[in-house]
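**Q** This one is final.cif, mmCIF, C-alpha atoms; chains and numbers go by the auth columns.
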```cif
data_run
#
loop_
_atom_site.group_PDB
_atom_site.id
_atom_site.type_symbol
_atom_site.label_atom_id
_atom_site.label_comp_id
_atom_site.label_asym_id
_atom_site.label_seq_id
_atom_site.Cartn_x
_atom_site.Cartn_y
_atom_site.Cartn_z
_atom_site.B_iso_or_equiv
_atom_site.auth_seq_id
_atom_site.auth_asym_id
ATOM 1 C CA MET A 1 -25.059 5.521 10.790 0.00 21 A
ATOM 2 C CA THR A 2 -26.191 1.913 10.801 0.00 22 A
ATOM 3 C CA PHE A 3 -25.585 -1.377 12.523 0.00 23 A
ATOM 4 C CA VAL A 4 -22.591 -3.489 11.495 0.00 24 A
ATOM 5 C CA ILE A 5 -21.899 -7.211 11.719 0.00 25 A
ATOM 6 C CA ALA A 6 -18.326 -8.022 12.781 0.00 26 A
ATOM 7 C CA LEU A 7 -15.887 -10.928 13.084 0.00 27 A
ATOM 8 C CA PRO A 8 -17.817 -13.121 15.567 0.00 28 A
ATOM 9 C CA CYS A 9 -20.380 -13.857 12.827 0.00 29 A
ATOM 10 C CA VAL A 10 -17.844 -15.267 10.375 0.00 30 A
ATOM 11 C CA ASP A 11 -18.425 -19.007 9.902 0.00 31 A
ATOM 12 C CA VAL A 12 -21.333 -18.910 12.399 0.00 32 A
ATOM 13 C CA LYS A 13 -24.258 -17.198 10.590 0.00 33 A
ATOM 14 C CA ASP A 14 -26.813 -18.014 13.308 0.00 34 A
ATOM 15 C CA GLN A 15 -29.551 -16.046 11.472 0.00 35 A
ATOM 16 C CA ALA A 16 -31.574 -15.139 14.579 0.00 36 A
ATOM 17 C CA CYS A 17 -30.973 -11.541 13.507 0.00 37 A
ATOM 18 C CA ILE A 18 -32.509 -12.167 10.088 0.00 38 A
ATOM 19 C CA GLN A 19 -35.630 -13.589 11.690 0.00 39 A
ATOM 20 C CA GLU A 20 -35.900 -10.617 14.053 0.00 40 A
ATOM 21 C CA CYS A 21 -35.320 -7.821 11.522 0.00 41 A
ATOM 22 C CA PRO A 22 -38.632 -6.171 10.588 0.00 42 A
ATOM 23 C CA PHE A 23 -37.053 -4.524 7.520 0.00 43 A
ATOM 24 C CA ASP A 24 -35.407 -7.571 5.906 0.00 44 A
ATOM 25 C CA CYS A 25 -32.074 -5.754 5.586 0.00 45 A
ATOM 26 C CA LEU A 26 -29.734 -8.534 6.733 0.00 46 A
ATOM 27 C CA TYR A 27 -28.234 -10.540 3.893 0.00 47 A
ATOM 28 C CA GLU A 28 -26.421 -13.861 3.888 0.00 48 A
ATOM 29 C CA GLY A 29 -23.000 -14.119 2.287 0.00 49 A
ATOM 30 C CA GLU A 30 -20.978 -17.317 2.070 0.00 50 A
ATOM 31 C CA ARG A 31 -19.268 -16.965 5.475 0.00 51 A
ATOM 32 C CA MET A 32 -21.141 -14.215 7.326 0.00 52 A
ATOM 33 C CA LEU A 33 -24.211 -12.015 7.352 0.00 53 A
ATOM 34 C CA TYR A 34 -24.214 -8.369 6.245 0.00 54 A
ATOM 35 C CA ILE A 35 -26.480 -5.429 7.086 0.00 55 A
ATOM 36 C CA HIS A 36 -27.432 -3.250 4.128 0.00 56 A
ATOM 37 C CA PRO A 37 -26.597 0.318 5.250 0.00 57 A
ATOM 38 C CA GLY A 38 -29.193 1.855 2.916 0.00 58 A
ATOM 39 C CA GLU A 39 -31.997 -0.422 4.072 0.00 59 A
ATOM 40 C CA CYS A 40 -31.265 -0.537 7.822 0.00 60 A
ATOM 41 C CA THR A 41 -33.439 1.859 9.808 0.00 61 A
ATOM 42 C CA ASP A 42 -31.354 1.576 12.989 0.00 62 A
ATOM 43 C CA CYS A 43 -34.233 -0.064 14.884 0.00 63 A
ATOM 44 C CA GLY A 44 -31.771 -2.278 16.780 0.00 64 A
ATOM 45 C CA ALA A 45 -33.964 -5.393 16.765 0.00 65 A
ATOM 46 C CA CYS A 46 -31.081 -7.525 15.469 0.00 66 A
ATOM 47 C CA GLU A 47 -28.493 -6.636 18.095 0.00 67 A
ATOM 48 C CA PRO A 48 -29.883 -8.296 21.250 0.00 68 A
ATOM 49 C CA VAL A 49 -30.727 -11.601 19.533 0.00 69 A
ATOM 50 C CA CYS A 50 -27.229 -12.240 18.160 0.00 70 A
ATOM 51 C CA PRO A 51 -25.881 -15.193 20.175 0.00 71 A
ATOM 52 C CA VAL A 52 -22.232 -14.344 19.409 0.00 72 A
ATOM 53 C CA GLU A 53 -22.544 -10.567 19.993 0.00 73 A
ATOM 54 C CA ALA A 54 -21.379 -9.719 16.479 0.00 74 A
ATOM 55 C CA ILE A 55 -23.755 -6.792 15.836 0.00 75 A
ATOM 56 C CA TYR A 56 -22.797 -3.261 16.840 0.00 76 A
ATOM 57 C CA TYR A 57 -24.071 0.213 16.216 0.00 77 A
ATOM 58 C CA GLU A 58 -21.423 1.602 13.871 0.00 78 A
ATOM 59 C CA ASP A 59 -20.213 4.207 16.383 0.00 79 A
ATOM 60 C CA ASP A 60 -19.792 1.468 19.028 0.00 80 A
ATOM 61 C CA LEU A 61 -17.861 -0.973 16.842 0.00 81 A
ATOM 62 C CA PRO A 62 -14.648 -1.999 18.642 0.00 82 A
ATOM 63 C CA GLU A 63 -11.540 -0.565 17.010 0.00 83 A
ATOM 64 C CA LYS A 64 -10.176 -4.029 16.180 0.00 84 A
ATOM 65 C CA TRP A 65 -13.274 -4.674 14.046 0.00 85 A
ATOM 66 C CA ARG A 66 -13.472 -1.262 12.302 0.00 86 A
ATOM 67 C CA PRO A 67 -12.743 -2.836 8.870 0.00 87 A
ATOM 68 C CA PHE A 68 -16.097 -4.611 9.117 0.00 88 A
ATOM 69 C CA ALA A 69 -17.939 -1.291 8.772 0.00 89 A
ATOM 70 C CA ALA A 70 -16.520 -0.902 5.273 0.00 90 A
ATOM 71 C CA ALA A 71 -16.975 -4.616 4.540 0.00 91 A
ATOM 72 C CA ASN A 72 -20.702 -4.404 5.383 0.00 92 A
ATOM 73 C CA ALA A 73 -21.208 -1.393 3.111 0.00 93 A
ATOM 74 C CA GLU A 74 -18.966 -2.555 0.253 0.00 94 A
ATOM 75 C CA PHE A 75 -20.584 -6.002 0.149 0.00 95 A
ATOM 76 C CA PHE A 76 -23.521 -4.264 -1.558 0.00 96 A
ATOM 77 C CA ASP A 77 -21.500 -2.272 -4.130 0.00 97 A
ATOM 78 C CA ASP A 78 -22.463 -4.577 -6.985 0.00 98 A
ATOM 79 C CA LEU A 79 -25.841 -5.621 -5.520 0.00 99 A
ATOM 80 C CA GLY A 80 -27.271 -2.152 -5.140 0.00 100 A
ATOM 81 C CA HIS A 81 -30.566 -2.069 -3.223 0.00 101 A
ATOM 82 C CA PRO A 82 -32.119 -5.521 -3.680 0.00 102 A
ATOM 83 C CA GLY A 83 -35.111 -4.544 -1.544 0.00 103 A
ATOM 84 C CA GLY A 84 -34.837 -7.336 0.992 0.00 104 A
ATOM 85 C CA SER A 85 -32.861 -10.454 1.675 0.00 105 A
ATOM 86 C CA ALA A 86 -35.849 -12.820 1.529 0.00 106 A
ATOM 87 C CA GLN A 87 -36.379 -11.904 -2.101 0.00 107 A
ATOM 88 C CA LEU A 88 -32.680 -12.203 -3.019 0.00 108 A
ATOM 89 C CA GLY A 89 -31.685 -15.237 -0.969 0.00 109 A
ATOM 90 C CA PRO A 90 -28.101 -16.182 -0.080 0.00 110 A
ATOM 91 C CA VAL A 91 -25.427 -14.312 -2.019 0.00 111 A
ATOM 92 C CA PRO A 92 -22.589 -16.559 -3.241 0.00 112 A
ATOM 93 C CA LYS A 93 -19.770 -14.235 -2.204 0.00 113 A
ATOM 94 C CA ASP A 94 -18.199 -12.400 0.713 0.00 114 A
ATOM 95 C CA HIS A 95 -16.358 -9.132 1.045 0.00 115 A
ATOM 96 C CA PRO A 96 -12.605 -9.695 0.414 0.00 116 A
ATOM 97 C CA THR A 97 -11.848 -8.873 4.082 0.00 117 A
ATOM 98 C CA VAL A 98 -14.076 -11.760 5.152 0.00 118 A
ATOM 99 C CA ALA A 99 -13.050 -14.133 2.365 0.00 119 A
ATOM 100 C CA ALA A 100 -9.379 -13.750 3.357 0.00 120 A
ATOM 101 C CA LEU A 101 -9.938 -14.768 6.979 0.00 121 A
ATOM 102 C CA PRO A 102 -8.837 -18.208 8.146 0.00 122 A
ATOM 103 C CA PRO A 103 -11.645 -20.570 9.159 0.00 123 A
ATOM 104 C CA ALA A 104 -13.108 -19.829 12.606 0.00 124 A
ATOM 105 C CA ALA A 105 -11.502 -22.944 14.075 0.00 125 A
ATOM 106 C CA HIS A 106 -8.044 -21.522 13.204 0.00 126 A
ATOM 107 C CA ARG A 107 -8.536 -17.939 14.427 0.00 127 A
ATOM 108 C CA THR A 108 -7.476 -16.486 17.732 0.00 128 A
ATOM 109 C CA PRO A 109 -10.048 -14.225 19.417 0.00 129 A
#
```
Taking this structure as input, can you express it in the form of structure tokens?
**A**
Amino acid sequence: MTFVIALPCVDVKDQACIQECPFDCLYEGERMLYIHPGECTDCGACEPVCPVEAIYYEDDLPEKWRPFAAANAEFFDDLGHPGGSAQLGPVPKDHPTVAALPPAAHRTP
């Protein structure tokens, strides 16, 4: 199991979680941040600093946001294990689930 970033992060990308993560396993996509499931050690440092409460332990992810568990994992299918987001930098893509969402200003909670 790992931590997952869900819908509240889309179009926000506060990045407090990136700064707090001691393992550099949070990556920036175009519209949201993603946690690499193979690099996350489940330390939980990212969760309490998220100002929009978008980070959940996978088992605690609300049902309505379950697709984000797959989106977080599948985001890395073609990236593999980059070994840290600082080294890679922003990734110019998003998972299709995220890319298909309307802008945050047009979504209902």
**Q** Pick from A:Pro42, A:Pro110, A:Pro82, A:Gly103: nearest to Cys63 of chain A, with all atoms listed in the file counted?
**A** A:Pro42
**Q** Given the file shown, determine the residues that the PyMOL selection byres ((chain A and resi 90) around 12) selects; report them as a PyMOL selection string.
**A** chain A and resi 22-26+54-57+78+81+85-89+91-97+115-118
**Q** Give the answer as one residue: which of A:Ala74, A:Leu99, A:Val30, A:Asp79 has the shortest atom-to-atom distance to Ala120 of chain A, using all atoms listed in the file?
**A**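 Going through A:Ala74, A:Leu99, A:Val30, A:Asp79 one by one, the smallest distance to Ala120 of chain A is for A:Val30.
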**Q** Any chance you could work out the residue set of the PyMOL selection byres ((chain A and resi 109) around 12) here, as a list in words?
**A**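 This file, filtered by the PyMOL selection byres ((chain A and resi 109) around 12), leaves Ile38, Asp44, Cys45, Leu46, Tyr47, Glu48, Gly49, Glu50, Leu53, Pro102, Gly103, Gly104, Ser105, Ala106, Gln107, Leu108, Pro110, Val111 and Pro112 of chain A.
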**Q** Atom CA of Glu40 of chain A and atom CA of Lys84 of chain A, how far apart in Å?
**A**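 Interatomic distance here is 26.6 Å.
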**Q** Identify which of the residues A:Gly58, A:Cys29, A:Glu83, A:Met52 lies closest to Cys70 of chain A, counting all atoms listed in the file when measuring atom-to-atom distances.
**A**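 Using all atoms listed in the file, the shortest distance to Cys70 of chain A belongs to A:Cys29.
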**Q** Could you check how far atom CA of Val69 of chain A sits from atom CA of Gly100 of chain A, in Å to one decimal?
**A** 26.6 Å
**Q** Considering all atoms listed in the file, can you say which of A:Arg51, A:Asp98, A:Phe43, A:Cys37 comes closest to Glu67 of chain A?
**A** A:Cys37
**Q** Given 8 Å on each side, where is the centre and what are the edge lengths in Å to one decimal of the axis-aligned box enclosing the listed atoms of segment 57-68 of chain A, as JSON?
**A**
```
{"center_x": -30.4, "center_y": -3.2, "center_z": 12.1, "size_x": 23.6, "size_y": 26.2, "size_z": 34.3}
```
**Q** Taking into account only C-alpha atoms, which residue in the set A:Val32, A:Cys66, A:Cys60, A:Cys41 is nearest to His101 of chain A?
**A** A:Cys60
**Q** Report the distance between atom CA of Asp62 of chain A and atom CA of Ala119 of chain A in Å, rounded to one decimal place.
**A** 26.4 Å
**Q** Compare A:Asp80, A:Glu59, A:Ala65, A:Ala124 by their minimum atom-to-atom distance to Pro28 of chain A, counting only C-alpha atoms, and give me the closest one.
**A**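 So, comparing all the options, the nearest one is A:Ala124.
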**Q** Mind rebuilding segment 103-119 of chain A with N, CA, C and O atoms and writing that out as a CSV table (one decimal), keeping the file's coordinate frame?
**A**
```csv
chain,number,residue,atom,x,y,z
A,103,GLY,N,-33.8,-4.7,-2.1
A,103,GLY,CA,-35.1,-4.5,-1.5
A,103,GLY,C,-35.5,-5.6,-0.6
A,103,GLY,O,-36.7,-5.9,-0.4
A,104,GLY,N,-34.5,-6.3,0.0
A,104,GLY,CA,-34.8,-7.3,1.0
A,104,GLY,C,-34.1,-8.6,0.7
A,104,GLY,O,-34.0,-9.1,-0.4
A,105,SER,N,-33.6,-9.2,1.8
A,105,SER,CA,-32.9,-10.5,1.7
A,105,SER,C,-33.7,-11.7,1.4
A,105,SER,O,-33.3,-12.6,0.7
A,106,ALA,N,-35.0,-11.7,1.8
A,106,ALA,CA,-35.8,-12.8,1.5
A,106,ALA,C,-36.1,-13.0,0.0
A,106,ALA,O,-36.1,-14.1,-0.5
A,107,GLN,N,-36.2,-11.9,-0.7
A,107,GLN,CA,-36.4,-11.9,-2.1
A,107,GLN,C,-35.1,-12.3,-2.8
A,107,GLN,O,-35.2,-13.1,-3.8
A,108,LEU,N,-34.0,-11.9,-2.3
A,108,LEU,CA,-32.7,-12.2,-3.0
A,108,LEU,C,-32.1,-13.6,-2.7
A,108,LEU,O,-31.6,-14.3,-3.5
A,109,GLY,N,-32.3,-14.0,-1.4
A,109,GLY,CA,-31.7,-15.2,-1.0
A,109,GLY,C,-30.2,-15.1,-0.7
A,109,GLY,O,-29.6,-14.0,-0.8
A,110,PRO,N,-29.5,-16.2,-0.4
A,110,PRO,CA,-28.1,-16.2,-0.1
A,110,PRO,C,-27.3,-15.7,-1.3
A,110,PRO,O,-27.6,-16.0,-2.4
A,111,VAL,N,-26.3,-14.9,-1.0
A,111,VAL,CA,-25.4,-14.3,-2.0
A,111,VAL,C,-24.1,-15.1,-2.0
A,111,VAL,O,-23.5,-15.3,-1.0
A,112,PRO,N,-23.8,-15.7,-3.2
A,112,PRO,CA,-22.6,-16.6,-3.2
A,112,PRO,C,-21.2,-15.8,-3.3
A,112,PRO,O,-20.4,-16.0,-4.2
A,113,LYS,N,-21.0,-15.0,-2.3
A,113,LYS,CA,-19.8,-14.2,-2.2
A,113,LYS,C,-19.6,-13.7,-0.8
A,113,LYS,O,-20.6,-13.8,0.0
A,114,ASP,N,-18.5,-13.1,-0.5
A,114,ASP,CA,-18.2,-12.4,0.7
A,114,ASP,C,-17.3,-11.2,0.3
A,114,ASP,O,-16.7,-11.2,-0.7
A,115,HIS,N,-17.3,-10.2,1.2
A,115,HIS,CA,-16.4,-9.1,1.0
A,115,HIS,C,-14.9,-9.7,1.1
A,115,HIS,O,-14.7,-10.7,1.9
A,116,PRO,N,-14.0,-9.2,0.4
A,116,PRO,CA,-12.6,-9.7,0.4
A,116,PRO,C,-12.0,-9.8,1.8
A,116,PRO,O,-11.2,-10.7,2.1
A,117,THR,N,-12.3,-8.8,2.7
A,117,THR,CA,-11.8,-8.9,4.1
A,117,THR,C,-12.3,-10.2,4.8
A,117,THR,O,-11.5,-10.8,5.5
A,118,VAL,N,-13.5,-10.6,4.5
A,118,VAL,CA,-14.1,-11.8,5.2
A,118,VAL,C,-13.5,-13.0,4.4
A,118,VAL,O,-13.1,-14.0,5.1
A,119,ALA,N,-13.5,-13.0,3.1
A,119,ALA,CA,-13.0,-14.1,2.4
A,119,ALA,C,-11.6,-14.5,2.7
A,119,ALA,O,-11.2,-15.7,2.7
```
